[in-house]
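Data from start-v8.cif: mmCIF, C-alpha atoms
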```cif
data_final
#
loop_
_atom_site.group_PDB
_atom_site.id
_atom_site.type_symbol
_atom_site.label_atom_id
_atom_site.label_comp_id
_atom_site.auth_asym_id
_atom_site.auth_seq_id
_atom_site.Cartn_x
_atom_site.Cartn_y
_atom_site.Cartn_z
ATOM 1 C CA MET L 1 -78.980 9.967 -14.285
ATOM 2 C CA SER L 2 -76.618 7.418 -12.739
ATOM 3 C CA ALA L 3 -73.947 8.790 -10.433
ATOM 4 C CA PRO L 4 -71.874 5.777 -9.383
ATOM 5 C CA LEU L 5 -69.088 7.964 -8.007
ATOM 6 C CA LYS L 6 -71.249 10.270 -5.906
ATOM 7 C CA GLY L 7 -69.461 10.826 -2.601
ATOM 8 C CA LYS L 8 -66.092 9.911 -4.098
ATOM 9 C CA VAL L 9 -63.193 12.340 -4.302
ATOM 10 C CA ALA L 10 -60.708 12.443 -7.163
ATOM 11 C CA LEU L 11 -57.548 14.358 -7.906
ATOM 12 C CA VAL L 12 -56.665 14.734 -11.576
ATOM 13 C CA ALA L 13 -53.133 16.078 -11.585
ATOM 14 C CA GLY L 14 -52.541 17.723 -14.937
ATOM 15 C CA ALA L 15 -56.145 18.470 -15.910
ATOM 16 C CA THR L 16 -55.765 21.681 -17.875
ATOM 17 C CA ARG L 17 -56.415 20.190 -21.293
ATOM 18 C CA GLY L 18 -56.333 17.009 -23.356
ATOM 19 C CA ALA L 19 -56.700 13.656 -21.629
ATOM 20 C CA GLY L 20 -56.549 15.241 -18.185
ATOM 21 C CA ARG L 21 -59.543 17.425 -18.911
ATOM 22 C CA GLY L 22 -61.436 14.502 -20.437
ATOM 23 C CA MET L 23 -60.821 12.334 -17.392
ATOM 24 C CA ALA L 24 -61.798 15.071 -14.953
ATOM 25 C CA VAL L 25 -65.048 15.768 -16.800
ATOM 26 C CA GLU L 26 -66.065 12.120 -17.002
ATOM 27 C CA LEU L 27 -65.318 11.579 -13.317
ATOM 28 C CA GLY L 28 -67.570 14.558 -12.699
ATOM 29 C CA ALA L 29 -70.256 13.103 -14.963
ATOM 30 C CA ALA L 30 -70.183 10.022 -12.739
ATOM 31 C CA GLY L 31 -70.868 12.237 -9.709
ATOM 32 C CA ALA L 32 -67.395 12.661 -8.200
ATOM 33 C CA THR L 33 -65.889 15.698 -6.564
ATOM 34 C CA VAL L 34 -62.818 16.386 -8.695
ATOM 35 C CA TYR L 35 -59.811 18.500 -7.796
ATOM 36 C CA VAL L 36 -58.164 19.631 -11.015
ATOM 37 C CA THR L 37 -54.621 20.929 -11.032
ATOM 38 C CA GLY L 38 -52.174 22.480 -13.435
ATOM 39 C CA ARG L 39 -50.175 25.626 -14.021
ATOM 40 C CA SER L 40 -52.414 27.409 -16.543
ATOM 41 C CA THR L 41 -55.007 29.641 -14.904
ATOM 42 C CA ARG L 42 -57.201 32.515 -15.997
ATOM 43 C CA THR L 43 -54.650 34.933 -14.610
ATOM 44 C CA ARG L 44 -51.414 33.185 -15.545
ATOM 45 C CA ARG L 45 -50.343 30.917 -18.392
ATOM 46 C CA SER L 46 -47.640 28.278 -18.236
ATOM 47 C CA GLU L 47 -44.839 28.163 -20.800
ATOM 48 C CA TYR L 48 -47.273 26.351 -23.112
ATOM 49 C CA ASP L 49 -48.886 29.772 -23.561
ATOM 50 C CA ARG L 50 -52.240 28.227 -24.440
ATOM 51 C CA PRO L 51 -55.774 29.419 -23.615
ATOM 52 C CA GLU L 52 -57.009 26.341 -21.706
ATOM 53 C CA THR L 53 -57.175 26.780 -17.924
ATOM 54 C CA ILE L 54 -57.837 24.642 -14.872
ATOM 55 C CA GLU L 55 -60.774 26.893 -13.982
ATOM 56 C CA ASP L 56 -62.367 26.051 -17.329
ATOM 57 C CA THR L 57 -61.887 22.354 -16.599
ATOM 58 C CA ALA L 58 -63.426 22.706 -13.143
ATOM 59 C CA ASP L 59 -66.455 24.439 -14.650
ATOM 60 C CA LEU L 60 -66.867 21.593 -17.153
ATOM 61 C CA VAL L 61 -66.705 19.059 -14.306
ATOM 62 C CA THR L 62 -69.488 20.861 -12.473
ATOM 63 C CA GLU L 63 -71.575 21.219 -15.638
ATOM 64 C CA ALA L 64 -71.222 17.467 -16.173
ATOM 65 C CA GLY L 65 -72.797 16.754 -12.787
ATOM 66 C CA GLY L 66 -69.891 16.628 -10.345
ATOM 67 C CA GLN L 67 -68.113 19.275 -8.329
ATOM 68 C CA GLY L 68 -65.019 20.729 -9.940
ATOM 69 C CA ILE L 69 -62.423 22.442 -7.779
ATOM 70 C CA ALA L 70 -59.459 24.126 -9.475
ATOM 71 C CA VAL L 71 -56.215 24.359 -7.509
ATOM 72 C CA PRO L 72 -53.186 25.908 -9.249
ATOM 73 C CA THR L 73 -50.297 23.539 -8.573
ATOM 74 C CA ASP L 74 -46.795 23.041 -9.896
ATOM 75 C CA HIS L 75 -46.247 19.321 -9.347
ATOM 76 C CA LEU L 76 -42.482 19.761 -9.506
ATOM 77 C CA ASP L 77 -42.713 21.649 -6.212
ATOM 78 C CA PRO L 78 -43.165 19.200 -3.310
ATOM 79 C CA ALA L 79 -44.360 21.967 -0.999
ATOM 80 C CA GLN L 80 -47.179 22.913 -3.372
ATOM 81 C CA VAL L 81 -48.246 19.282 -3.749
ATOM 82 C CA ARG L 82 -48.166 18.754 0.012
ATOM 83 C CA THR L 83 -50.356 21.843 0.478
ATOM 84 C CA LEU L 84 -52.747 20.574 -2.190
ATOM 85 C CA VAL L 85 -53.177 17.207 -0.460
ATOM 86 C CA GLU L 86 -53.598 18.881 2.922
ATOM 87 C CA ARG L 87 -56.390 20.984 1.442
ATOM 88 C CA ILE L 88 -58.142 17.897 0.047
ATOM 89 C CA ASP L 89 -57.843 16.247 3.456
ATOM 90 C CA ASP L 90 -59.195 19.320 5.255
ATOM 91 C CA GLU L 91 -62.116 19.771 2.861
ATOM 92 C CA GLN L 92 -63.021 16.149 2.086
ATOM 93 C CA GLY L 93 -61.233 13.872 4.539
ATOM 94 C CA ARG L 94 -60.580 11.315 1.819
ATOM 95 C CA LEU L 95 -59.147 10.688 -1.641
ATOM 96 C CA ASP L 96 -60.534 7.818 -3.704
ATOM 97 C CA VAL L 97 -58.969 8.347 -7.134
ATOM 98 C CA LEU L 98 -55.583 9.781 -8.062
ATOM 99 C CA VAL L 99 -54.913 10.390 -11.755
ATOM 100 C CA ASN L 100 -51.293 11.217 -12.498
ATOM 101 C CA ASP L 101 -51.542 12.891 -15.894
ATOM 102 C CA ILE L 102 -48.839 15.528 -15.516
ATOM 103 C CA TRP L 103 -46.885 15.906 -18.751
ATOM 104 C CA GLY L 104 -45.940 19.348 -20.046
ATOM 105 C CA GLY L 105 -43.403 18.047 -22.554
ATOM 106 C CA GLU L 106 -44.974 18.883 -25.920
ATOM 107 C CA LYS L 107 -42.405 21.566 -26.718
ATOM 108 C CA LEU L 108 -39.417 19.719 -25.259
ATOM 109 C CA PHE L 109 -38.853 16.687 -27.497
ATOM 110 C CA ALA L 110 -37.530 16.401 -31.037
ATOM 111 C CA TRP L 111 -38.789 13.656 -33.367
ATOM 112 C CA ASP L 112 -36.197 11.010 -34.259
ATOM 113 C CA ALA L 113 -33.326 13.016 -32.755
ATOM 114 C CA PRO L 114 -30.716 10.682 -31.188
ATOM 115 C CA VAL L 115 -29.753 11.461 -27.631
ATOM 116 C CA TRP L 116 -26.431 13.064 -28.608
ATOM 117 C CA GLU L 117 -28.213 15.504 -30.942
ATOM 118 C CA HIS L 118 -31.252 16.197 -28.763
ATOM 119 C CA ASP L 119 -31.190 19.384 -26.691
ATOM 120 C CA LEU L 120 -29.997 18.071 -23.323
ATOM 121 C CA ASP L 121 -31.665 20.690 -21.147
ATOM 122 C CA ASN L 122 -35.002 20.092 -22.862
ATOM 123 C CA GLY L 123 -34.662 16.339 -22.548
ATOM 124 C CA LEU L 124 -33.814 16.427 -18.868
ATOM 125 C CA HIS L 125 -36.605 18.904 -18.160
ATOM 126 C CA LEU L 126 -39.031 16.621 -20.006
ATOM 127 C CA LEU L 127 -38.049 13.755 -17.705
ATOM 128 C CA ARG L 128 -38.594 15.927 -14.655
ATOM 129 C CA LEU L 129 -42.030 17.000 -15.864
ATOM 130 C CA ALA L 130 -43.143 13.533 -16.950
ATOM 131 C CA VAL L 131 -41.606 11.351 -14.245
ATOM 132 C CA GLU L 132 -40.524 13.339 -11.207
ATOM 133 C CA THR L 133 -43.912 15.064 -10.926
ATOM 134 C CA HIS L 134 -45.688 11.709 -10.745
ATOM 135 C CA ALA L 135 -43.370 10.504 -7.989
ATOM 136 C CA ILE L 136 -43.812 13.695 -5.969
ATOM 137 C CA THR L 137 -47.588 13.561 -6.291
ATOM 138 C CA SER L 138 -47.823 9.896 -5.342
ATOM 139 C CA HIS L 139 -45.520 10.432 -2.356
ATOM 140 C CA HIS L 140 -47.783 13.074 -0.871
ATOM 141 C CA ALA L 141 -51.215 11.839 -2.001
ATOM 142 C CA LEU L 142 -51.083 8.104 -1.367
ATOM 143 C CA PRO L 143 -51.294 8.196 2.437
ATOM 144 C CA LEU L 144 -54.637 9.983 2.085
ATOM 145 C CA LEU L 145 -55.804 7.607 -0.643
ATOM 146 C CA LEU L 146 -54.926 4.590 1.520
ATOM 147 C CA ARG L 147 -56.998 5.862 4.420
ATOM 148 C CA HIS L 148 -60.071 4.177 2.925
ATOM 149 C CA PRO L 149 -59.935 0.815 1.118
ATOM 150 C CA GLY L 150 -60.625 0.583 -2.592
ATOM 151 C CA GLY L 151 -58.568 3.538 -3.803
ATOM 152 C CA LEU L 152 -57.442 3.786 -7.424
ATOM 153 C CA VAL L 153 -54.290 5.291 -8.938
ATOM 154 C CA VAL L 154 -54.166 5.849 -12.695
ATOM 155 C CA GLU L 155 -50.775 6.533 -14.253
ATOM 156 C CA VAL L 156 -51.429 8.065 -17.681
ATOM 157 C CA THR L 157 -48.911 7.379 -20.425
ATOM 158 C CA ASP L 158 -48.651 7.027 -24.208
ATOM 159 C CA GLY L 159 -48.614 3.445 -25.434
ATOM 160 C CA THR L 160 -49.314 0.091 -23.886
ATOM 161 C CA ALA L 161 -46.546 -1.945 -22.281
ATOM 162 C CA ASP L 162 -46.629 -4.381 -25.212
ATOM 163 C CA TYR L 163 -46.499 -1.652 -27.858
ATOM 164 C CA ASN L 164 -43.760 0.356 -26.168
ATOM 165 C CA ARG L 165 -41.686 -2.775 -25.578
ATOM 166 C CA ASP L 166 -41.558 -3.464 -29.297
ATOM 167 C CA ASN L 167 -41.477 0.076 -30.705
ATOM 168 C CA TYR L 168 -39.126 3.046 -30.442
ATOM 169 C CA ARG L 169 -41.248 5.992 -29.352
ATOM 170 C CA VAL L 170 -40.256 9.300 -30.937
ATOM 171 C CA SER L 171 -36.892 9.889 -29.231
ATOM 172 C CA PHE L 172 -34.682 8.725 -26.353
ATOM 173 C CA PHE L 173 -36.229 11.120 -23.837
ATOM 174 C CA TYR L 174 -39.847 10.625 -24.919
ATOM 175 C CA ASP L 175 -39.425 6.862 -24.997
ATOM 176 C CA LEU L 176 -37.850 6.841 -21.546
ATOM 177 C CA ALA L 177 -40.544 9.083 -20.061
ATOM 178 C CA LYS L 178 -43.497 7.062 -21.319
ATOM 179 C CA THR L 179 -41.933 3.718 -20.415
ATOM 180 C CA SER L 180 -41.068 5.012 -16.936
ATOM 181 C CA VAL L 181 -44.711 5.824 -16.274
ATOM 182 C CA LEU L 182 -45.682 2.282 -17.247
ATOM 183 C CA ARG L 183 -43.163 0.938 -14.775
ATOM 184 C CA MET L 184 -44.382 3.293 -12.052
ATOM 185 C CA ALA L 185 -47.841 1.762 -12.300
ATOM 186 C CA PHE L 186 -46.320 -1.715 -12.047
ATOM 187 C CA ALA L 187 -44.323 -0.735 -8.957
ATOM 188 C CA LEU L 188 -47.261 1.034 -7.338
ATOM 189 C CA GLY L 189 -49.355 -2.070 -7.923
ATOM 190 C CA HIS L 190 -46.946 -4.040 -5.753
ATOM 191 C CA GLU L 191 -46.979 -1.391 -3.050
ATOM 192 C CA LEU L 192 -50.700 -0.603 -3.059
ATOM 193 C CA GLY L 193 -52.239 -4.003 -3.744
ATOM 194 C CA PRO L 194 -51.521 -5.516 -0.323
ATOM 195 C CA ARG L 195 -52.825 -2.317 1.258
ATOM 196 C CA GLY L 196 -56.239 -2.426 -0.392
ATOM 197 C CA ALA L 197 -55.725 -0.104 -3.348
ATOM 198 C CA THR L 198 -55.153 -0.531 -7.081
ATOM 199 C CA ALA L 199 -52.707 1.069 -9.510
ATOM 200 C CA VAL L 200 -52.875 0.861 -13.298
ATOM 201 C CA ALA L 201 -51.216 2.429 -16.306
ATOM 202 C CA LEU L 202 -53.653 3.798 -18.856
ATOM 203 C CA THR L 203 -53.092 5.107 -22.361
ATOM 204 C CA PRO L 204 -55.518 6.825 -24.683
ATOM 205 C CA GLY L 205 -55.237 6.097 -28.378
ATOM 206 C CA TRP L 206 -54.569 8.731 -31.012
ATOM 207 C CA LEU L 207 -55.980 11.635 -29.050
ATOM 208 C CA ARG L 208 -57.881 14.530 -30.558
ATOM 209 C CA SER L 209 -56.560 16.941 -27.963
ATOM 210 C CA GLU L 210 -56.708 20.683 -28.401
ATOM 211 C CA ILE L 211 -53.056 20.708 -29.454
ATOM 212 C CA MET L 212 -53.496 17.856 -31.934
ATOM 213 C CA LEU L 213 -56.552 19.402 -33.556
ATOM 214 C CA GLU L 214 -54.778 22.727 -33.839
ATOM 215 C CA GLY L 215 -51.762 21.064 -35.415
ATOM 216 C CA PHE L 216 -53.994 19.489 -38.061
ATOM 217 C CA GLU L 217 -55.803 22.827 -38.546
ATOM 218 C CA VAL L 218 -59.220 21.364 -37.721
ATOM 219 C CA ARG L 219 -61.756 21.497 -34.901
ATOM 220 C CA GLU L 220 -63.586 18.663 -33.196
ATOM 221 C CA GLU L 221 -66.603 19.449 -35.349
ATOM 222 C CA ASN L 222 -64.712 18.876 -38.606
ATOM 223 C CA TRP L 223 -61.833 16.654 -37.535
ATOM 224 C CA ARG L 224 -62.369 14.277 -40.434
ATOM 225 C CA ASP L 225 -61.167 17.000 -42.784
ATOM 226 C CA ALA L 226 -57.647 16.035 -41.646
ATOM 227 C CA LEU L 227 -57.968 12.531 -43.072
ATOM 228 C CA GLU L 228 -57.037 13.658 -46.566
ATOM 229 C CA ARG L 229 -53.553 14.482 -45.278
ATOM 230 C CA VAL L 230 -53.330 11.896 -42.484
ATOM 231 C CA PRO L 231 -55.635 8.975 -43.340
ATOM 232 C CA HIS L 232 -54.814 6.901 -40.239
ATOM 233 C CA PHE L 233 -56.122 9.746 -38.079
ATOM 234 C CA ALA L 234 -59.477 8.056 -38.711
ATOM 235 C CA ILE L 235 -58.828 5.870 -35.652
ATOM 236 C CA SER L 236 -58.491 8.895 -33.349
ATOM 237 C CA GLU L 237 -60.592 9.470 -30.250
ATOM 238 C CA THR L 238 -61.737 12.329 -28.050
ATOM 239 C CA PRO L 239 -60.322 12.949 -24.561
ATOM 240 C CA ARG L 240 -63.706 11.962 -23.151
ATOM 241 C CA TYR L 241 -63.120 8.355 -24.267
ATOM 242 C CA VAL L 242 -60.162 7.805 -21.939
ATOM 243 C CA GLY L 243 -62.144 9.757 -19.348
ATOM 244 C CA ARG L 244 -64.898 7.178 -19.554
ATOM 245 C CA ALA L 245 -62.290 4.475 -19.110
ATOM 246 C CA VAL L 246 -61.172 6.057 -15.832
ATOM 247 C CA ALA L 247 -64.752 6.491 -14.637
ATOM 248 C CA ALA L 248 -65.485 2.844 -15.422
ATOM 249 C CA LEU L 249 -62.440 1.692 -13.491
ATOM 250 C CA ALA L 250 -63.281 3.906 -10.528
ATOM 251 C CA ALA L 251 -66.829 2.532 -10.365
ATOM 252 C CA ASP L 252 -65.796 -1.121 -10.697
ATOM 253 C CA PRO L 253 -66.010 -2.962 -7.351
ATOM 254 C CA GLU L 254 -63.609 -5.538 -8.798
ATOM 255 C CA VAL L 255 -61.071 -3.022 -10.094
ATOM 256 C CA ALA L 256 -58.302 -4.841 -8.201
ATOM 257 C CA ARG L 257 -58.259 -7.417 -11.000
ATOM 258 C CA TRP L 258 -56.356 -4.841 -13.076
ATOM 259 C CA ASN L 259 -53.731 -4.062 -10.438
ATOM 260 C CA GLY L 260 -50.311 -3.301 -11.888
ATOM 261 C CA GLN L 261 -51.460 -3.765 -15.475
ATOM 262 C CA SER L 262 -51.107 -1.687 -18.622
ATOM 263 C CA LEU L 263 -54.519 -0.753 -20.049
ATOM 264 C CA SER L 264 -55.893 1.264 -22.958
ATOM 265 C CA SER L 265 -59.094 3.194 -23.529
ATOM 266 C CA GLY L 266 -59.971 1.015 -26.509
ATOM 267 C CA GLY L 267 -59.300 -2.217 -24.658
ATOM 268 C CA LEU L 268 -61.356 -1.198 -21.627
ATOM 269 C CA ALA L 269 -64.254 -0.114 -23.842
ATOM 270 C CA GLN L 270 -64.580 -3.717 -24.941
ATOM 271 C CA VAL L 271 -64.829 -4.813 -21.302
ATOM 272 C CA TYR L 272 -67.022 -2.093 -19.805
ATOM 273 C CA GLY L 273 -69.126 -1.242 -22.852
ATOM 274 C CA PHE L 274 -68.635 2.535 -22.884
ATOM 275 C CA THR L 275 -68.243 4.450 -26.141
ATOM 276 C CA ASP L 276 -66.677 7.635 -27.364
ATOM 277 C CA VAL L 277 -68.956 10.646 -27.710
ATOM 278 C CA ASP L 278 -69.943 9.606 -31.246
ATOM 279 C CA GLY L 279 -71.043 6.151 -30.113
ATOM 280 C CA SER L 280 -68.009 4.333 -31.558
ATOM 281 C CA ARG L 281 -65.353 2.248 -29.761
ATOM 282 C CA PRO L 282 -62.000 3.007 -31.406
ATOM 283 C CA ASP L 283 -59.327 0.441 -30.582
ATOM 284 C CA ALA L 284 -56.303 2.475 -31.591
ATOM 285 C CA TRP L 285 -53.421 0.343 -30.355
ATOM 286 C CA ARG L 286 -54.666 -2.790 -32.078
ATOM 287 C CA TYR L 287 -55.226 -0.729 -35.221
ATOM 288 C CA LEU L 288 -51.712 0.710 -35.098
ATOM 289 C CA VAL L 289 -50.158 -2.736 -34.978
ATOM 290 C CA GLU L 290 -52.428 -4.482 -37.461
ATOM 291 C CA VAL L 291 -53.051 -1.679 -39.973
ATOM 292 C CA GLN L 292 -50.837 1.408 -39.735
ATOM 293 C CA ASP L 293 -47.547 -0.199 -38.711
ATOM 294 C CA ALA L 294 -48.235 -3.106 -41.069
ATOM 295 C CA GLY L 295 -48.257 -0.663 -43.961
ATOM 296 C CA LYS L 296 -51.886 -1.255 -44.904
ATOM 297 C CA PRO L 297 -54.212 1.446 -46.250
ATOM 298 C CA ALA L 298 -56.239 3.315 -43.653
ATOM 299 C CA ASP L 299 -59.420 1.362 -42.911
ATOM 300 C CA THR L 300 -61.011 1.410 -39.472
ATOM 301 C CA SER L 301 -63.514 -1.331 -40.256
ATOM 302 C CA GLY L 302 -63.597 -3.601 -37.226
ATOM 303 C CA TYR L 303 -61.533 -1.157 -35.169
ATOM 304 C CA ARG L 304 -64.087 1.461 -34.096
#
```
Have the structure of the file written as C-alpha cells, please.
Amino acid sequence: MSAPLKGKVALVAGATRGAGRGMAVELGAAGATVYVTGRSTRTRRSEYDRPETIEDTADLVTEAGGQGIAVPTDHLDPAQVRTLVERIDDEQGRLDVLVNDIWGGEKLFAWDAPVWEHDLDNGLHLLRLAVETHAITSHHALPLLLRHPGGLVVEVTDGTADYNRDNYRVSFFYDLAKTSVLRMAFALGHELGPRGATAVALTPGWLRSEIMLEGFEVREENWRDALERVPHFAISETPRYVGRAVAALAADPEVARWNGQSLSSGGLAQVYGFTDVDGSRPDAWRYLVEVQDAGKPADTSGYR
C-alpha cells in the first residue's frame, strides 16, 4: 500500500468526531503520525456528552496504517496547547501538517435567530470555541511547523468563500465564526507563504457526521433512508471524503499553488481524483447553488 506521508507528523486539533476524525484517519492511512486532540476522552466527556473519544480516533488512525496519538487538550487554554506542541517537538522534532478543526458549537447557535434575540453568552462562547481556539493553536504550533519547509495548515470551516459571501449562514454568530475561519486561512497564507509553508481553508460538503446521522435517525449503513424526509441529503458525504482531501493536499509537492485559497472536498476531488468511500465524488457546494438553492427537485446526476 502507498504511504506518501510516512515520516510526516500531523496535528489534527479537534479530532474527536466528524470531519476531524475523518481527516485524522485518512492522514493515518497515508502513513502519517497523527496527534489527535479534543476534550472527550474515555474517562471524561465534554459538554457535548457524546460517546466519541479521542482515544477511539487514535485507534482508528493506527488501524488505518499510521500512528495515532491521543492527547486530551482544551484549545481555549494556551498553556495546554503550549504543552501539547512541546510534547510533539520532544517526541517527533517536527510538525508537517496542522489541521485546525476545533468547533464545539453545535449546541450554542439558534437557527435564524437575529443577534438581539440570540442567547448572548452562547453566541460569544461559540466565537471563542470556533475562532479563538484556532488562533491559540496556530500561535503555539506554527514555529514548529516552520522549522522544516513545506508545512501545511488547514483551517476547516463550513462553506466556501464564494458561497458564504453570497449567503447568510444560519445566524449572526454562526455566520461570523465560519467566515472568520476563511479569513484566518487567507491571513495565514500571507504570513506562511514567504516562509515556505502553505495555509488553506477547507470545507466539507453536507457531512454525514455522527451528530447529523443521529439527528436524521439513521446510520451510515442506511443513510439513504433519510432522503424521504430530506431529499437533498442525497448529496451528502462521509467525513473520510474531506479527510482524503487533506491527505491529498499534504502529499502534493506543489501544494503551495493553493496558498491562501478557499477549497472544498468536492472541488479537490476533481483535481486529485480521490473518491468518497462509496466510490462517488459528491460536489456539494456546486449542487447547493445550482440545485437546492435554485429550488429544483433533488437530483444528484452530474454532482456525485
Subject >> Point-to-point distance from CA of Leu95 (chain L) to CA of Leu60 (chain L), Å rounded to tenths >> reply: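 Interatomic distance here is 20.5 Å.
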**OP:** Tell me which of L:Ala161, L:Ala269, L:His148, L:Phe172 sits closest to Trp116 (chain L), counting all atoms listed in the file.
**Re:** L:Phe172
Excluding Leu108 (chain L) and residues on its chain fewer than 2 positions from it, collect all residues at most 9 Å away from it, counting only C-alpha atoms, and give them as a PDB file with C-alpha atoms, keeping the file's coordinate frame.
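Output file around.pdb is given in full below:
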```pdb
ATOM      1  CA  GLY L 104     -45.940  19.348 -20.046  1.00  0.00           C
ATOM      2  CA  GLY L 105     -43.403  18.047 -22.554  1.00  0.00           C
ATOM      3  CA  GLU L 106     -44.974  18.883 -25.920  1.00  0.00           C
ATOM      4  CA  ALA L 110     -37.530  16.401 -31.037  1.00  0.00           C
ATOM      5  CA  ASP L 119     -31.190  19.384 -26.691  1.00  0.00           C
ATOM      6  CA  ASP L 121     -31.665  20.690 -21.147  1.00  0.00           C
ATOM      7  CA  ASN L 122     -35.002  20.092 -22.862  1.00  0.00           C
ATOM      8  CA  GLY L 123     -34.662  16.339 -22.548  1.00  0.00           C
ATOM      9  CA  HIS L 125     -36.605  18.904 -18.160  1.00  0.00           C
ATOM     10  CA  LEU L 126     -39.031  16.621 -20.006  1.00  0.00           C
TER      11      LEU L 126
END
```
Subject >> the PyMOL selection byres ((chain L and resi 284-294) around 8) resolved against shown file, as an MDAnalysis selection string >> reply: chainID L and resid 159:160 163 205:206 232 235:236 264 266 282:283 295:300 303
Subject >> Distance of CA of Thr203 (chain L) from CA of Thr157 (chain L), expressed in Å to one decimal place >> reply: 5.1 Å
Original post:
Smallest atom-to-atom distance to Pro78 (chain L): which of L:His139, L:Gly193, L:Ala185, L:Ser265, using all atoms listed in the file?
Top reply: L:His139
Original post:
For this file, the PyMOL selection byres ((chain L and resi 14) around 8) selects which residues, as a ChimeraX atom specification?
Top reply: /L:12-13,15-17,20,36-38,100-103
For this file, the PyMOL selection byres ((chain L and resi 198) around 12) selects which residues, as a PDB file with C-alpha atoms, in the coordinates of the input?
```
ATOM      1  CA  ASP L  96     -60.534   7.818  -3.704  1.00  0.00           C
ATOM      2  CA  VAL L  97     -58.969   8.347  -7.134  1.00  0.00           C
ATOM      3  CA  LEU L  98     -55.583   9.781  -8.062  1.00  0.00           C
ATOM      4  CA  VAL L  99     -54.913  10.390 -11.755  1.00  0.00           C
ATOM      5  CA  LEU L 142     -51.083   8.104  -1.367  1.00  0.00           C
ATOM      6  CA  LEU L 145     -55.804   7.607  -0.643  1.00  0.00           C
ATOM      7  CA  LEU L 146     -54.926   4.590   1.520  1.00  0.00           C
ATOM      8  CA  PRO L 149     -59.935   0.815   1.118  1.00  0.00           C
ATOM      9  CA  GLY L 150     -60.625   0.583  -2.592  1.00  0.00           C
ATOM     10  CA  GLY L 151     -58.568   3.538  -3.803  1.00  0.00           C
ATOM     11  CA  LEU L 152     -57.442   3.786  -7.424  1.00  0.00           C
ATOM     12  CA  VAL L 153     -54.290   5.291  -8.938  1.00  0.00           C
ATOM     13  CA  VAL L 154     -54.166   5.849 -12.695  1.00  0.00           C
ATOM     14  CA  GLU L 155     -50.775   6.533 -14.253  1.00  0.00           C
ATOM     15  CA  ALA L 185     -47.841   1.762 -12.300  1.00  0.00           C
ATOM     16  CA  PHE L 186     -46.320  -1.715 -12.047  1.00  0.00           C
ATOM     17  CA  ALA L 187     -44.323  -0.735  -8.957  1.00  0.00           C
ATOM     18  CA  LEU L 188     -47.261   1.034  -7.338  1.00  0.00           C
ATOM     19  CA  GLY L 189     -49.355  -2.070  -7.923  1.00  0.00           C
ATOM     20  CA  HIS L 190     -46.946  -4.040  -5.753  1.00  0.00           C
ATOM     21  CA  GLU L 191     -46.979  -1.391  -3.050  1.00  0.00           C
ATOM     22  CA  LEU L 192     -50.700  -0.603  -3.059  1.00  0.00           C
ATOM     23  CA  GLY L 193     -52.239  -4.003  -3.744  1.00  0.00           C
ATOM     24  CA  PRO L 194     -51.521  -5.516  -0.323  1.00  0.00           C
ATOM     25  CA  ARG L 195     -52.825  -2.317   1.258  1.00  0.00           C
ATOM     26  CA  GLY L 196     -56.239  -2.426  -0.392  1.00  0.00           C
ATOM     27  CA  ALA L 197     -55.725  -0.104  -3.348  1.00  0.00           C
ATOM     28  CA  ALA L 199     -52.707   1.069  -9.510  1.00  0.00           C
ATOM     29  CA  VAL L 200     -52.875   0.861 -13.298  1.00  0.00           C
ATOM     30  CA  ALA L 201     -51.216   2.429 -16.306  1.00  0.00           C
ATOM     31  CA  LEU L 249     -62.440   1.692 -13.491  1.00  0.00           C
ATOM     32  CA  ALA L 250     -63.281   3.906 -10.528  1.00  0.00           C
ATOM     33  CA  ASP L 252     -65.796  -1.121 -10.697  1.00  0.00           C
ATOM     34  CA  PRO L 253     -66.010  -2.962  -7.351  1.00  0.00           C
ATOM     35  CA  GLU L 254     -63.609  -5.538  -8.798  1.00  0.00           C
ATOM     36  CA  VAL L 255     -61.071  -3.022 -10.094  1.00  0.00           C
ATOM     37  CA  ALA L 256     -58.302  -4.841  -8.201  1.00  0.00           C
ATOM     38  CA  ARG L 257     -58.259  -7.417 -11.000  1.00  0.00           C
ATOM     39  CA  TRP L 258     -56.356  -4.841 -13.076  1.00  0.00           C
ATOM     40  CA  ASN L 259     -53.731  -4.062 -10.438  1.00  0.00           C
ATOM     41  CA  GLY L 260     -50.311  -3.301 -11.888  1.00  0.00           C
ATOM     42  CA  GLN L 261     -51.460  -3.765 -15.475  1.00  0.00           C
TER      43      GLN L 261
END
```
Original post:
Nearest to Pro239 (chain L): which of L:Gly18, L:Asp158, L:Tyr168, L:Ala3 is it, counting all atoms listed in the file?
Top reply: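 Nearest to Pro239 (chain L): L:Gly18.
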Region 125-137 of chain L: axis-aligned bounding box, 5 Å on each side, centre and edge lengths in Å, one decimal, as AutoDock Vina command-line options:
```
--center_x -42.1 --center_y 14.7 --center_z -13.0 --size_x 21.0 --size_y 18.4 --size_z 24.0
```
Original post:
Which residues, written as a ChimeraX atom specification, have at least one atom at most 12 Å from Arg208 (chain L), with all atoms listed in the file counted and residues fewer than 2 positions away on the same chain left out?
Top reply: /L:17-19,22,204-206,210-224,226,233-242,276
Subject >> Residue nearest Ala245 (chain L) among L:Gln92, L:Ser40, L:Gln270, L:Ser301 (counting all atoms listed in the file) >> reply: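 Of all the options, L:Gln270 lies closest to Ala245 (chain L).
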**OP:** Find the residues around Gly93 (chain L) up to 12 Å (all atoms listed in the file counted), leave out those fewer than 2 positions away in its own chain, and share them as a list in words.
**Re:**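 So, after excluding close chain neighbours, the residues are Gly7, Lys8, Val9, Ala10, Val85, Glu86, Arg87, Ile88, Asp89, Asp90, Glu91, Leu95, Asp96, Pro143, Leu144, Leu145, Leu146, Arg147 and His148 of chain L.
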**OP:** Scan for residues within 12 Å of the point (-54.0, 24.5, -11.8) in the coordinates of the file, using all atoms listed in the file, and reply as an MDAnalysis selection string.
**Re:** chainID L and resid 11:17 20:21 35:46 52:58 68:75 80:81 84 102
**OP:** Excluding Gly31 (chain L) and any residue of its chain fewer than 4 positions from it, enumerate the residues within 10 Å of it, using all atoms listed in the file, and give them as a list in words.
**Re:**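 Counting only the stated atoms, we get Met1, Ser2, Ala3, Pro4, Leu5, Lys6, Gly7, Lys8, Val9, Val25, Glu26, Leu27, Val61, Thr62, Ala64, Gly65, Gly66, Gln67 and Ala247 of chain L.
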**OP:** To one decimal in Å, tell me the separation between CA of Val277 (chain L) and CA of Arg304 (chain L).
**Re:**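 Those two atoms sit 12.2 Å apart.
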